[in-house]
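Source file: query_2.pdb; contents: PDB, C-alpha atoms.
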```pdb
ATOM      1  CA  MET X   1     -13.599  45.569 -23.880
ATOM      2  CA  THR X   2     -13.979  42.554 -21.646
ATOM      3  CA  HIS X   3     -14.488  42.473 -17.897
ATOM      4  CA  GLN X   4     -12.977  39.012 -17.552
ATOM      5  CA  THR X   5      -9.849  38.866 -15.423
ATOM      6  CA  LYS X   6      -6.886  37.168 -17.036
ATOM      7  CA  PRO X   7      -6.257  33.745 -15.455
ATOM      8  CA  GLY X   8      -2.689  34.688 -14.493
ATOM      9  CA  LEU X   9      -3.856  37.859 -12.779
ATOM     10  CA  ARG X  10      -6.694  36.023 -11.052
ATOM     11  CA  ARG X  11      -4.283  33.407  -9.678
ATOM     12  CA  TRP X  12      -1.846  36.095  -8.559
ATOM     13  CA  LEU X  13      -4.652  37.910  -6.706
ATOM     14  CA  LYS X  14      -5.874  34.666  -5.163
ATOM     15  CA  GLY X  15      -2.361  33.740  -4.031
ATOM     16  CA  LEU X  16      -1.890  37.215  -2.572
ATOM     17  CA  MET X  17      -5.196  37.035  -0.699
ATOM     18  CA  LEU X  18      -4.508  33.542   0.658
ATOM     19  CA  ARG X  19      -1.024  34.451   1.817
ATOM     20  CA  ARG X  20      -1.806  37.819   3.345
ATOM     21  CA  MET X  21      -5.297  37.710   4.813
ATOM     22  CA  HIS X  22      -6.054  36.726   8.385
ATOM     23  CA  ARG X  23      -7.017  33.031   8.907
ATOM     24  CA  MET X  24      -6.227  32.200   5.280
ATOM     25  CA  ILE X  25      -3.948  29.413   4.093
ATOM     26  CA  THR X  26      -2.604  28.715   0.610
ATOM     27  CA  CYS X  27      -3.665  25.668  -1.401
ATOM     28  CA  LYS X  28      -0.237  24.170  -0.749
ATOM     29  CA  GLU X  29      -0.728  24.564   3.011
ATOM     30  CA  PHE X  30      -4.256  23.184   2.673
ATOM     31  CA  GLU X  31      -2.766  20.057   1.105
ATOM     32  CA  ASP X  32      -0.729  19.391   4.255
ATOM     33  CA  PHE X  33      -3.916  19.328   6.350
ATOM     34  CA  VAL X  34      -6.081  17.061   4.185
ATOM     35  CA  LEU X  35      -5.259  13.757   5.866
ATOM     36  CA  ARG X  36      -5.607  15.089   9.397
ATOM     37  CA  TYR X  37      -8.877  16.797   8.452
ATOM     38  CA  LEU X  38     -10.349  13.541   7.147
ATOM     39  CA  ASP X  39      -9.072  11.660  10.210
ATOM     40  CA  GLY X  40     -10.723  14.242  12.499
ATOM     41  CA  GLU X  41      -7.361  15.191  14.005
ATOM     42  CA  LEU X  42      -7.443  18.983  13.493
ATOM     43  CA  SER X  43      -8.010  21.294  16.429
ATOM     44  CA  GLY X  44     -11.146  23.464  16.351
ATOM     45  CA  ARG X  45      -9.169  26.458  15.107
ATOM     46  CA  GLN X  46      -7.304  24.454  12.441
ATOM     47  CA  LYS X  47     -10.574  22.939  11.256
ATOM     48  CA  SER X  48     -12.249  26.311  10.863
ATOM     49  CA  ILE X  49      -9.250  27.643   8.896
ATOM     50  CA  PHE X  50      -9.293  24.532   6.691
ATOM     51  CA  GLU X  51     -13.025  24.868   6.050
ATOM     52  CA  LEU X  52     -12.723  28.589   5.327
ATOM     53  CA  HIS X  53     -10.236  27.771   2.578
ATOM     54  CA  LEU X  54     -12.574  25.056   1.329
ATOM     55  CA  ALA X  55     -15.423  27.562   1.142
ATOM     56  CA  ILE X  56     -13.521  30.074  -0.961
ATOM     57  CA  CYS X  57     -11.344  27.847  -3.162
ATOM     58  CA  ARG X  58     -13.133  26.008  -5.962
ATOM     59  CA  GLU X  59     -10.009  24.069  -6.979
ATOM     60  CA  CYS X  60      -9.454  22.643  -3.486
ATOM     61  CA  ARG X  61     -13.171  21.863  -3.097
ATOM     62  CA  ASP X  62     -13.187  19.896  -6.349
ATOM     63  CA  TYR X  63      -9.883  18.257  -5.480
ATOM     64  CA  LEU X  64     -11.064  17.098  -2.055
ATOM     65  CA  ALA X  65     -14.334  15.713  -3.453
ATOM     66  CA  ALA X  66     -12.441  13.700  -6.089
ATOM     67  CA  TYR X  67      -9.842  12.577  -3.504
ATOM     68  CA  GLN X  68     -12.608  11.248  -1.243
ATOM     69  CA  ARG X  69     -14.384   9.559  -4.147
ATOM     70  CA  ALA X  70     -11.112   7.836  -5.105
ATOM     71  CA  ILE X  71     -10.849   6.430  -1.553
ATOM     72  CA  GLU X  72     -14.463   5.218  -1.696
ATOM     73  CA  LEU X  73     -13.825   3.566  -5.049
ATOM     74  CA  GLY X  74     -10.747   1.778  -3.715
ATOM     75  CA  ARG X  75     -12.766   0.457  -0.787
ATOM     76  CA  GLY X  76     -15.697  -0.436  -2.988
ATOM     77  CA  VAL X  77     -13.596  -2.411  -5.441
ATOM     78  CA  LEU X  78     -11.027  -4.121  -3.199
ATOM     79  CA  GLY X  79     -12.954  -4.322   0.065
ATOM     80  CA  PRO X  80     -14.417  -5.338   2.320
ATOM     81  CA  PRO X  81     -11.650  -7.824   3.036
ATOM     82  CA  GLU X  82     -14.072 -10.477   4.340
ATOM     83  CA  GLU X  83     -14.906 -11.664   0.847
ATOM     84  CA  PRO X  84     -16.583 -15.078   0.550
ATOM     85  CA  VAL X  85     -14.208 -18.014   0.452
ATOM     86  CA  PRO X  86     -13.770 -19.125  -3.162
ATOM     87  CA  GLU X  87     -15.470 -22.394  -4.040
ATOM     88  CA  ASP X  88     -12.339 -23.893  -5.551
ATOM     89  CA  VAL X  89     -10.102 -24.632  -2.575
ATOM     90  CA  PRO X  90      -6.737 -25.565  -4.129
ATOM     91  CA  GLU X  91      -6.466 -29.230  -3.108
ATOM     92  CA  ASP X  92      -2.761 -29.551  -3.886
ATOM     93  CA  LEU X  93      -1.973 -26.593  -1.660
ATOM     94  CA  VAL X  94      -4.149 -27.937   1.190
ATOM     95  CA  ARG X  95      -2.311 -31.275   0.906
ATOM     96  CA  ALA X  96       1.104 -29.599   0.822
ATOM     97  CA  ILE X  97       0.296 -27.604   3.963
ATOM     98  CA  LEU X  98      -0.973 -30.632   5.890
ATOM     99  CA  ASP X  99       2.011 -32.765   4.758
ATOM    100  CA  ALA X 100       4.431 -30.038   5.828
ATOM    101  CA  ARG X 101       2.707 -29.880   9.225
ATOM    102  CA  GLU X 102       3.330 -33.588   9.798
ATOM    103  CA  ASN X 103       7.008 -33.376   8.858
TER     104      ASN X 103
ATOM    105  CA  MET E   1     -18.499 -25.966  21.982
ATOM    106  CA  PRO E   2     -14.719 -25.810  22.273
ATOM    107  CA  ASP E   3     -13.436 -22.272  21.957
ATOM    108  CA  ASP E   4     -10.721 -21.126  19.530
ATOM    109  CA  ARG E   5      -8.062 -21.532  22.198
ATOM    110  CA  SER E   6      -8.807 -25.150  23.134
ATOM    111  CA  LYS E   7      -9.221 -26.159  19.468
ATOM    112  CA  ALA E   8      -5.865 -24.546  18.721
ATOM    113  CA  GLN E   9      -4.193 -26.403  21.567
ATOM    114  CA  ASP E  10      -5.668 -29.743  20.432
ATOM    115  CA  MET E  11      -4.197 -29.143  16.997
ATOM    116  CA  ALA E  12      -0.857 -28.068  18.378
ATOM    117  CA  ARG E  13      -0.486 -31.048  20.698
ATOM    118  CA  ASN E  14      -1.746 -33.578  18.172
ATOM    119  CA  GLN E  15      -4.579 -34.539  20.471
ATOM    120  CA  PRO E  16      -7.183 -37.012  19.090
ATOM    121  CA  GLY E  17      -9.123 -35.099  16.491
ATOM    122  CA  GLY E  18      -6.302 -32.596  16.131
ATOM    123  CA  GLU E  19      -5.571 -33.859  12.627
ATOM    124  CA  ALA E  20      -9.133 -33.292  11.489
ATOM    125  CA  GLU E  21      -9.216 -29.922  13.221
ATOM    126  CA  ALA E  22      -6.029 -28.938  11.401
ATOM    127  CA  GLU E  23      -7.547 -29.852   8.048
ATOM    128  CA  ARG E  24     -10.705 -27.941   8.897
ATOM    129  CA  LEU E  25      -8.595 -24.919   9.923
ATOM    130  CA  VAL E  26      -6.838 -24.991   6.545
ATOM    131  CA  ARG E  27     -10.012 -25.489   4.514
ATOM    132  CA  ASP E  28     -11.984 -22.841   6.403
ATOM    133  CA  ASN E  29      -9.306 -20.180   6.069
ATOM    134  CA  ILE E  30      -7.221 -20.851   2.982
ATOM    135  CA  GLY E  31      -9.570 -18.931   0.663
ATOM    136  CA  TRP E  32      -9.501 -15.564   2.380
ATOM    137  CA  MET E  33      -5.817 -16.012   3.294
ATOM    138  CA  LEU E  34      -4.938 -16.510  -0.384
ATOM    139  CA  ALA E  35      -7.019 -13.466  -1.265
ATOM    140  CA  LEU E  36      -5.231 -11.379   1.381
ATOM    141  CA  ALA E  37      -1.742 -12.543   0.360
ATOM    142  CA  GLY E  38      -2.718 -11.951  -3.277
ATOM    143  CA  ARG E  39      -3.761  -8.379  -2.522
ATOM    144  CA  VAL E  40      -0.389  -7.728  -0.898
ATOM    145  CA  LEU E  41       1.881  -9.632  -3.287
ATOM    146  CA  ARG E  42      -0.108  -9.300  -6.533
ATOM    147  CA  ASP E  43       1.135 -12.688  -7.681
ATOM    148  CA  ARG E  44      -0.709 -16.003  -7.290
ATOM    149  CA  ALA E  45       2.386 -18.217  -6.923
ATOM    150  CA  LEU E  46       3.952 -15.902  -4.335
ATOM    151  CA  ALA E  47       0.627 -15.759  -2.491
ATOM    152  CA  GLU E  48       0.404 -19.573  -2.343
ATOM    153  CA  ASP E  49       3.936 -19.782  -0.932
ATOM    154  CA  ALA E  50       3.126 -17.109   1.637
ATOM    155  CA  VAL E  51      -0.071 -18.864   2.740
ATOM    156  CA  GLN E  52       1.736 -22.180   3.115
ATOM    157  CA  GLU E  53       4.376 -20.489   5.261
ATOM    158  CA  ALA E  54       1.687 -18.661   7.258
ATOM    159  CA  PHE E  55      -0.053 -21.950   8.101
ATOM    160  CA  LEU E  56       3.248 -23.491   9.191
ATOM    161  CA  HIS E  57       3.921 -20.466  11.420
ATOM    162  CA  ALA E  58       0.399 -20.837  12.780
ATOM    163  CA  PHE E  59       0.751 -24.566  13.516
ATOM    164  CA  ARG E  60       4.055 -23.914  15.271
ATOM    165  CA  GLY E  61       2.565 -21.083  17.298
ATOM    166  CA  LEU E  62      -0.821 -22.589  18.080
ATOM    167  CA  ASP E  63       0.225 -23.824  21.503
ATOM    168  CA  GLY E  64       0.940 -20.244  22.479
ATOM    169  CA  PHE E  65      -2.286 -18.877  21.005
ATOM    170  CA  GLU E  66      -3.969 -17.313  23.994
ATOM    171  CA  GLY E  67      -7.354 -16.620  22.502
ATOM    172  CA  ARG E  68      -7.109 -12.886  23.190
ATOM    173  CA  SER E  69      -8.169 -12.302  19.584
ATOM    174  CA  SER E  70     -10.187 -14.630  17.367
ATOM    175  CA  LEU E  71      -8.296 -17.340  15.524
ATOM    176  CA  LYS E  72      -9.166 -15.558  12.274
ATOM    177  CA  THR E  73      -7.718 -12.240  13.460
ATOM    178  CA  TRP E  74      -4.577 -14.071  14.556
ATOM    179  CA  LEU E  75      -4.252 -15.832  11.178
ATOM    180  CA  HIS E  76      -4.888 -12.512   9.411
ATOM    181  CA  ARG E  77      -1.924 -10.937  11.178
ATOM    182  CA  ILE E  78       0.357 -13.914  10.469
ATOM    183  CA  THR E  79      -0.588 -13.968   6.766
ATOM    184  CA  LEU E  80       0.009 -10.245   6.507
ATOM    185  CA  ASN E  81       3.375 -10.431   8.248
ATOM    186  CA  VAL E  82       4.583 -13.296   6.058
ATOM    187  CA  SER E  83       3.392 -11.516   2.898
ATOM    188  CA  LEU E  84       5.066  -8.244   3.912
ATOM    189  CA  THR E  85       8.295 -10.090   4.681
ATOM    190  CA  ARG E  86       8.156 -11.552   1.154
ATOM    191  CA  LEU E  87       7.659  -8.055  -0.286
ATOM    192  CA  ARG E  88      10.634  -6.831   1.693
ATOM    193  CA  GLN E  89      12.782  -9.733   0.508
ATOM    194  CA  LEU E  90      11.819  -8.859  -3.057
ATOM    195  CA  LYS E  91      12.892  -5.272  -2.292
ATOM    196  CA  ARG E  92       9.504  -4.051  -3.400
ATOM    197  CA  LEU E  93       8.921  -1.880  -0.321
ATOM    198  CA  ALA E  94      11.678   0.634  -1.006
ATOM    199  CA  GLU E  95      10.351   4.141  -1.609
ATOM    200  CA  GLN E  96       9.903   4.879  -5.273
ATOM    201  CA  PRO E  97       9.170   8.162  -7.030
ATOM    202  CA  ILE E  98       5.504   9.073  -7.143
ATOM    203  CA  ASP E  99       5.871  12.805  -7.860
ATOM    204  CA  GLU E 100       4.297  12.629 -11.311
ATOM    205  CA  TYR E 101       0.949  11.716  -9.730
ATOM    206  CA  LEU E 102       0.968  14.329  -6.978
ATOM    207  CA  PRO E 103      -1.013  17.616  -6.940
ATOM    208  CA  GLU E 104       0.543  20.611  -8.658
ATOM    209  CA  PHE E 105       0.744  24.200  -7.474
ATOM    210  CA  ASP E 106       1.737  27.382  -9.273
ATOM    211  CA  ARG E 107       4.343  29.900  -8.071
ATOM    212  CA  HIS E 108       1.681  31.586  -5.923
ATOM    213  CA  ASP E 109       1.029  28.239  -4.146
ATOM    214  CA  CYS E 110      -2.406  28.027  -5.774
ATOM    215  CA  ARG E 111      -3.615  24.575  -6.804
ATOM    216  CA  ILE E 112      -3.539  23.738 -10.493
ATOM    217  CA  GLU E 113      -6.704  21.707 -11.017
ATOM    218  CA  ALA E 114      -8.738  21.517 -14.206
ATOM    219  CA  PRO E 115     -12.394  22.420 -13.503
ATOM    220  CA  TRP E 116     -14.675  19.538 -12.578
ATOM    221  CA  SER E 117     -18.087  19.727 -14.216
ATOM    222  CA  TYR E 118     -18.912  16.138 -13.256
ATOM    223  CA  LEU E 119     -17.872  13.652 -10.562
ATOM    224  CA  ALA E 120     -18.866  10.056 -11.233
ATOM    225  CA  PRO E 121     -21.275   8.666  -8.609
ATOM    226  CA  LEU E 122     -19.829   5.777  -6.627
ATOM    227  CA  GLU E 123     -22.621   3.352  -7.569
ATOM    228  CA  ASP E 124     -22.217   4.010 -11.318
ATOM    229  CA  VAL E 125     -18.596   2.924 -11.183
ATOM    230  CA  LEU E 126     -19.129  -0.033  -8.865
ATOM    231  CA  GLU E 127     -21.919  -1.400 -11.065
ATOM    232  CA  SER E 128     -19.620  -1.625 -14.099
ATOM    233  CA  GLU E 129     -17.294  -4.643 -14.272
ATOM    234  CA  ASP E 130     -15.012  -2.795 -16.726
ATOM    235  CA  LEU E 131     -14.688   0.247 -14.477
ATOM    236  CA  ARG E 132     -14.113  -1.910 -11.382
ATOM    237  CA  ALA E 133     -11.290  -3.657 -13.243
ATOM    238  CA  GLN E 134      -9.786  -0.281 -14.164
ATOM    239  CA  VAL E 135      -9.927   0.909 -10.543
ATOM    240  CA  SER E 136      -8.224  -2.297  -9.473
ATOM    241  CA  GLN E 137      -5.520  -1.799 -12.118
ATOM    242  CA  SER E 138      -4.980   1.790 -10.981
ATOM    243  CA  ILE E 139      -4.388   0.664  -7.400
ATOM    244  CA  GLU E 140      -1.962  -1.963  -8.671
ATOM    245  CA  ALA E 141      -0.150   0.721 -10.674
ATOM    246  CA  LEU E 142       0.865   2.533  -7.477
ATOM    247  CA  PRO E 143       4.424   1.856  -6.327
ATOM    248  CA  ASP E 144       4.331  -0.914  -3.681
ATOM    249  CA  ALA E 145       5.615   1.300  -0.849
ATOM    250  CA  TYR E 146       2.537   3.517  -1.257
ATOM    251  CA  ARG E 147       0.009   0.913  -2.415
ATOM    252  CA  ILE E 148       0.599  -1.234   0.628
ATOM    253  CA  VAL E 149      -0.064   1.635   3.052
ATOM    254  CA  LEU E 150      -3.286   2.508   1.208
ATOM    255  CA  GLN E 151      -4.334  -1.125   1.252
ATOM    256  CA  LEU E 152      -3.625  -1.639   4.946
ATOM    257  CA  ARG E 153      -5.245   1.613   6.106
ATOM    258  CA  ASP E 154      -8.103   2.150   3.667
ATOM    259  CA  ILE E 155      -8.990  -1.406   2.734
ATOM    260  CA  GLU E 156      -7.835  -3.858   5.417
ATOM    261  CA  GLY E 157      -8.866  -1.399   8.140
ATOM    262  CA  TYR E 158      -5.661  -1.195  10.193
ATOM    263  CA  ASP E 159      -5.037   2.097  12.012
ATOM    264  CA  THR E 160      -1.968   4.269  11.552
ATOM    265  CA  SER E 161      -0.004   2.857  14.506
ATOM    266  CA  GLU E 162      -0.714  -0.740  13.439
ATOM    267  CA  VAL E 163       0.455  -0.004   9.893
ATOM    268  CA  ALA E 164       3.580   1.663  11.271
ATOM    269  CA  GLU E 165       4.327  -1.456  13.316
ATOM    270  CA  LEU E 166       3.627  -3.861  10.450
ATOM    271  CA  LEU E 167       5.891  -1.944   8.065
ATOM    272  CA  ASP E 168       8.455  -0.917  10.671
ATOM    273  CA  ILE E 169       8.209   2.767   9.756
ATOM    274  CA  SER E 170       7.146   5.806  11.771
ATOM    275  CA  ALA E 171       3.498   6.846  12.123
ATOM    276  CA  GLY E 172       4.424  10.136  10.414
ATOM    277  CA  ASN E 173       5.817   8.240   7.456
ATOM    278  CA  VAL E 174       2.623   6.158   7.246
ATOM    279  CA  LYS E 175       0.578   9.366   7.051
ATOM    280  CA  VAL E 176       2.783  10.907   4.378
ATOM    281  CA  ARG E 177       2.666   7.747   2.276
ATOM    282  CA  LEU E 178      -1.077   7.319   2.740
ATOM    283  CA  HIS E 179      -1.825  10.868   1.631
ATOM    284  CA  ARG E 180       0.456  10.555  -1.405
ATOM    285  CA  ALA E 181      -1.049   7.189  -2.308
ATOM    286  CA  ARG E 182      -4.590   8.595  -2.148
ATOM    287  CA  ALA E 183      -3.617  11.706  -4.126
ATOM    288  CA  ALA E 184      -1.916   9.530  -6.746
ATOM    289  CA  LEU E 185      -4.919   7.215  -6.920
ATOM    290  CA  LYS E 186      -7.204  10.205  -7.459
ATOM    291  CA  LYS E 187      -4.959  11.304 -10.343
ATOM    292  CA  LEU E 188      -4.895   7.826 -11.877
ATOM    293  CA  LEU E 189      -8.683   7.523 -11.575
ATOM    294  CA  GLU E 190      -9.410  10.937 -13.094
ATOM    295  CA  PRO E 191     -10.645   9.629 -16.460
ATOM    296  CA  ILE E 192     -13.208   7.490 -14.602
ATOM    297  CA  LEU E 193     -14.062  10.149 -12.017
ATOM    298  CA  ARG E 194     -14.602  12.778 -14.714
ATOM    299  CA  GLY E 195     -16.846  10.427 -16.678
ATOM    300  CA  GLU E 196     -14.483  10.368 -19.658
ATOM    301  CA  VAL E 197     -14.449   6.562 -19.514
ATOM    302  CA  ARG E 198     -17.796   4.800 -19.039
TER     303      ARG E 198
END
```
Show me, as structure tokens, the structure contained in the file I just sent.
Amino acid sequence: MTHQTKPGLRRWLKGLMLRRMHRMITCKEFEDFVLRYLDGELSGRQKSIFELHLAICRECRDYLAAYQRAIELGRGVLGPPEEPVPEDVPEDLVRAILDAREN
Amino acid sequence: MPDDRSKAQDMARNQPGGEAEAERLVRDNIGWMLALAGRVLRDRALAEDAVQEAFLHAFRGLDGFEGRSSLKTWLHRITLNVSLTRLRQLKRLAEQPIDEYLPEFDRHDCRIEAPWSYLAPLEDVLESEDLRAQVSQSIEALPDAYRIVLQLRDIEGYDTSEVAELLDISAGNVKVRLHRARAALKKLLEPILRGEVR
């Protein structure tokens, strides 16, 4: 006999707990708060509810960590926007712009 | 030293030296302007057209440049506006489906997320040219309506209200698109983030 809970039962219990217990939100509700949480726009009460969910939900904790790493990677690869000016200034384009200015 | 405003007015009024100043303005700024237009339009030829148009807008508007921002900030905004107008003309800013990349939930509203035993460190990815190229490709794979919001907010550094104004959409819509774009990017980057691709 095993003491492991079946995944379906575990998810059902988790969903029940998140929906019914005081100051709990479901993962779907958590999703709606992610952007405002990262922008620092949640009220004190909303923030504590968000962080309570984060503390008890492994899936949302992992998700948020990967979500933030994806943002950092985007910034790291495409930014910062003040990249050095390329050496090869396209002469024909410079000429075309200056000619168009005169006309 | 003449400030940005007086240099701009010399160029605009064809004062002596204005010609040389105009050429210097083009040479000093064309590189980053092409890079910016390229990031928005993802096409070199379209970016060159946009930069040419941006300079012509700038030359026409120089007389009215009041020096409240730096010349570079002013050119940045013009380049962005011209590039976004091009995107709009190409009908690439219409909302497109992105649902396949969004988070999934079961019927109990619990998140469906495979366990993460590893999350790739930022430096490990950034040090690899191959992985950097894959991240870049993943961003490019996002539908334009979402990619552009992510680029403006997370990469170019504009705030929500500025992005809303640039794209002529509501601040709420910017937030929805930004969150979806980030969630989709996370999904697209999962093989890298999980260390399955090194």
What lies within 9 Å of Asp109 of chain E using all atoms listed in the file, ignoring chain neighbours under 5 positions off, as a PyMOL selection string?
(chain X and resi 15+19+26-29) or (chain E and resi 104)
Can you write just those residues out, C-alpha atoms, as a PDB file, in the frame of the given file?
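So the final result, stored in again_22.pdb, reads:
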```
ATOM      1  CA  GLY X  15      -2.361  33.740  -4.031  1.00  0.00           C
ATOM      2  CA  ARG X  19      -1.024  34.451   1.817  1.00  0.00           C
ATOM      3  CA  THR X  26      -2.604  28.715   0.610  1.00  0.00           C
ATOM      4  CA  CYS X  27      -3.665  25.668  -1.401  1.00  0.00           C
ATOM      5  CA  LYS X  28      -0.237  24.170  -0.749  1.00  0.00           C
ATOM      6  CA  GLU X  29      -0.728  24.564   3.011  1.00  0.00           C
TER       7      GLU X  29
ATOM      8  CA  GLU E 104       0.543  20.611  -8.658  1.00  0.00           C
TER       9      GLU E 104
END
```
Would you pick out the contacts of Ala37 of chain E at 6 Å or less, using all atoms listed in the file, so that residues sharing its chain but fewer than 4 positions from it are not included, and give the list as a list in words?
Leu41, Ala47 and Ser83 of chain E
Counting only C-alpha atoms, select every polymer residue within 12 Å of (-5.1, 34.2, -10.9) as defined in the file's coordinates, and provide the selection as a VMD selection string.
(chain X and resid 4 to 18 57 59) or (chain E and resid 106 to 112)
Selected residues, C-alpha atoms, written as a PDB file, in the frame of the given file, please.
```
ATOM      1  CA  GLN X   4     -12.977  39.012 -17.552  1.00  0.00           C
ATOM      2  CA  THR X   5      -9.849  38.866 -15.423  1.00  0.00           C
ATOM      3  CA  LYS X   6      -6.886  37.168 -17.036  1.00  0.00           C
ATOM      4  CA  PRO X   7      -6.257  33.745 -15.455  1.00  0.00           C
ATOM      5  CA  GLY X   8      -2.689  34.688 -14.493  1.00  0.00           C
ATOM      6  CA  LEU X   9      -3.856  37.859 -12.779  1.00  0.00           C
ATOM      7  CA  ARG X  10      -6.694  36.023 -11.052  1.00  0.00           C
ATOM      8  CA  ARG X  11      -4.283  33.407  -9.678  1.00  0.00           C
ATOM      9  CA  TRP X  12      -1.846  36.095  -8.559  1.00  0.00           C
ATOM     10  CA  LEU X  13      -4.652  37.910  -6.706  1.00  0.00           C
ATOM     11  CA  LYS X  14      -5.874  34.666  -5.163  1.00  0.00           C
ATOM     12  CA  GLY X  15      -2.361  33.740  -4.031  1.00  0.00           C
ATOM     13  CA  LEU X  16      -1.890  37.215  -2.572  1.00  0.00           C
ATOM     14  CA  MET X  17      -5.196  37.035  -0.699  1.00  0.00           C
ATOM     15  CA  LEU X  18      -4.508  33.542   0.658  1.00  0.00           C
ATOM     16  CA  CYS X  57     -11.344  27.847  -3.162  1.00  0.00           C
ATOM     17  CA  GLU X  59     -10.009  24.069  -6.979  1.00  0.00           C
TER      18      GLU X  59
ATOM     19  CA  ASP E 106       1.737  27.382  -9.273  1.00  0.00           C
ATOM     20  CA  ARG E 107       4.343  29.900  -8.071  1.00  0.00           C
ATOM     21  CA  HIS E 108       1.681  31.586  -5.923  1.00  0.00           C
ATOM     22  CA  ASP E 109       1.029  28.239  -4.146  1.00  0.00           C
ATOM     23  CA  CYS E 110      -2.406  28.027  -5.774  1.00  0.00           C
ATOM     24  CA  ARG E 111      -3.615  24.575  -6.804  1.00  0.00           C
ATOM     25  CA  ILE E 112      -3.539  23.738 -10.493  1.00  0.00           C
TER      26      ILE E 112
END
```
Please report, as a tab-separated table, each residue of chain X lying at most 8 Å from chain E, together with the nearest pair of atoms and the separation in Å rounded to one decimal; use all atoms listed in the file, and order rows by chain and ascending residue number.
```
residue	atom	partner	partner_atom	distance
X:Arg11	CA	E:Cys110	CA	6.9
X:Trp12	CA	E:His108	CA	6.3
X:Lys14	CA	E:Cys110	CA	7.5
X:Gly15	CA	E:His108	CA	5.0
X:Leu16	CA	E:His108	CA	7.5
X:Thr26	CA	E:Asp109	CA	6.0
X:Cys27	CA	E:Cys110	CA	5.1
X:Lys28	CA	E:Asp109	CA	5.4
X:Val34	CA	E:His179	CA	7.9
X:Leu35	CA	E:His179	CA	6.2
X:Glu59	CA	E:Glu113	CA	5.7
X:Cys60	CA	E:Arg111	CA	7.0
X:Asp62	CA	E:Trp116	CA	6.4
X:Tyr63	CA	E:Glu113	CA	7.3
X:Ala66	CA	E:Lys186	CA	6.4
X:Tyr67	CA	E:Lys186	CA	5.3
X:Arg69	CA	E:Leu122	CA	7.1
X:Ala70	CA	E:Lys186	CA	5.1
X:Ile71	CA	E:Arg182	CA	6.6
X:Glu72	CA	E:Leu122	CA	7.3
X:Leu73	CA	E:Leu122	CA	6.6
X:Gly74	CA	E:Val135	CA	6.9
X:Arg75	CA	E:Ile155	CA	5.5
X:Gly76	CA	E:Leu126	CA	6.8
X:Val77	CA	E:Arg132	CA	6.0
X:Leu78	CA	E:Ile155	CA	6.8
X:Gly79	CA	E:Ile155	CA	5.6
X:Pro80	CA	E:Ile155	CA	6.7
X:Pro81	CA	E:Glu156	CA	6.0
X:Glu82	CA	E:Trp32	CA	7.1
X:Glu83	CA	E:Trp32	CA	6.8
X:Pro84	CA	E:Trp32	CA	7.3
X:Val85	CA	E:Gly31	CA	4.7
X:Pro86	CA	E:Gly31	CA	5.7
X:Val89	CA	E:Gly31	CA	6.6
X:Leu93	CA	E:Glu48	CA	7.4
X:Val94	CA	E:Val26	CA	6.7
X:Ala96	CA	E:Gln52	CA	7.8
X:Ile97	CA	E:Gln52	CA	5.7
X:Leu98	CA	E:Glu23	CA	7.0
X:Ala100	CA	E:Leu56	CA	7.5
X:Arg101	CA	E:Leu56	CA	6.4
```
What would the selection look like, as a list in words, if the PyMOL selection byres ((chain E and resi 163) around 10) were run on the coordinates I just shared?
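Applying the PyMOL selection byres ((chain E and resi 163) around 10) to the structure shown produces Ile148, Val149, Leu150, Gln151, Leu152, Arg153, Gly157, Tyr158, Asp159, Thr160, Ser161, Glu162, Ala164, Glu165, Leu166, Leu167, Asp168, Ile169, Ser170, Ala171, Val174 and Lys175 of chain E.
Here atom CA of His53 of chain X is placed at a distance of 12.8 Å from atom CA of Asp32 of chain X.
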Could you tell me how far atom CA of Leu142 of chain E sits from atom CA of Gly40 of chain X, in Å to one decimal place?
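Distance between the two atoms: 25.9 Å.
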Work out how far apart atom CA of Arg177 of chain E and atom CA of Leu64 of chain X are and give it in Å to one decimal.
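Computing it gives 17.2 Å between the two atoms.
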Report the residues retrieved by the PyMOL selection byres ((chain X and resi 52) around 12) from the displayed file, expressed as a list in words.
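Expected selection for the PyMOL selection byres ((chain X and resi 52) around 12) here is Leu18, Met21, His22, Arg23, Met24, Ile25, Thr26, Cys27, Phe30, Arg45, Gln46, Lys47, Ser48, Ile49, Phe50, Glu51, His53, Leu54, Ala55, Ile56, Cys57, Arg58, Cys60 and Arg61 of chain X.
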For segment 101-120 of chain E, what centre and edge lengths in Å (one decimal) does the axis-aligned box get once 8 Å is added on each side of all its listed atoms, as AutoDock Vina command-line options?
```
--center_x -7.3 --center_y 20.8 --center_z -9.2 --size_x 39.3 --size_y 37.5 --size_z 26.1
```
Could you model N, CA and C atoms for segment 25-30 of chain X and present them as a JSON list (two decimals), in the frame of the given file?
```
[["chain", "number", "residue", "atom", "x", "y", "z"],
["X", 25, "ILE", "N", -5.11, 30.26, 4.41],
["X", 25, "ILE", "CA", -3.95, 29.41, 4.09],
["X", 25, "ILE", "C", -3.90, 29.23, 2.58],
["X", 26, "THR", "N", -2.72, 28.95, 2.05],
["X", 26, "THR", "CA", -2.60, 28.72, 0.61],
["X", 26, "THR", "C", -3.06, 27.29, 0.30],
["X", 27, "CYS", "N", -3.25, 27.02, -0.99],
["X", 27, "CYS", "CA", -3.66, 25.67, -1.40],
["X", 27, "CYS", "C", -2.59, 24.65, -1.01],
["X", 28, "LYS", "N", -1.34, 25.08, -1.09],
["X", 28, "LYS", "CA", -0.24, 24.17, -0.75],
["X", 28, "LYS", "C", -0.28, 23.83, 0.75],
["X", 29, "GLU", "N", -0.60, 24.83, 1.57],
["X", 29, "GLU", "CA", -0.73, 24.56, 3.01],
["X", 29, "GLU", "C", -1.97, 23.70, 3.30],
["X", 30, "PHE", "N", -3.02, 23.97, 2.54],
["X", 30, "PHE", "CA", -4.26, 23.18, 2.67],
["X", 30, "PHE", "C", -3.95, 21.70, 2.46]]
```
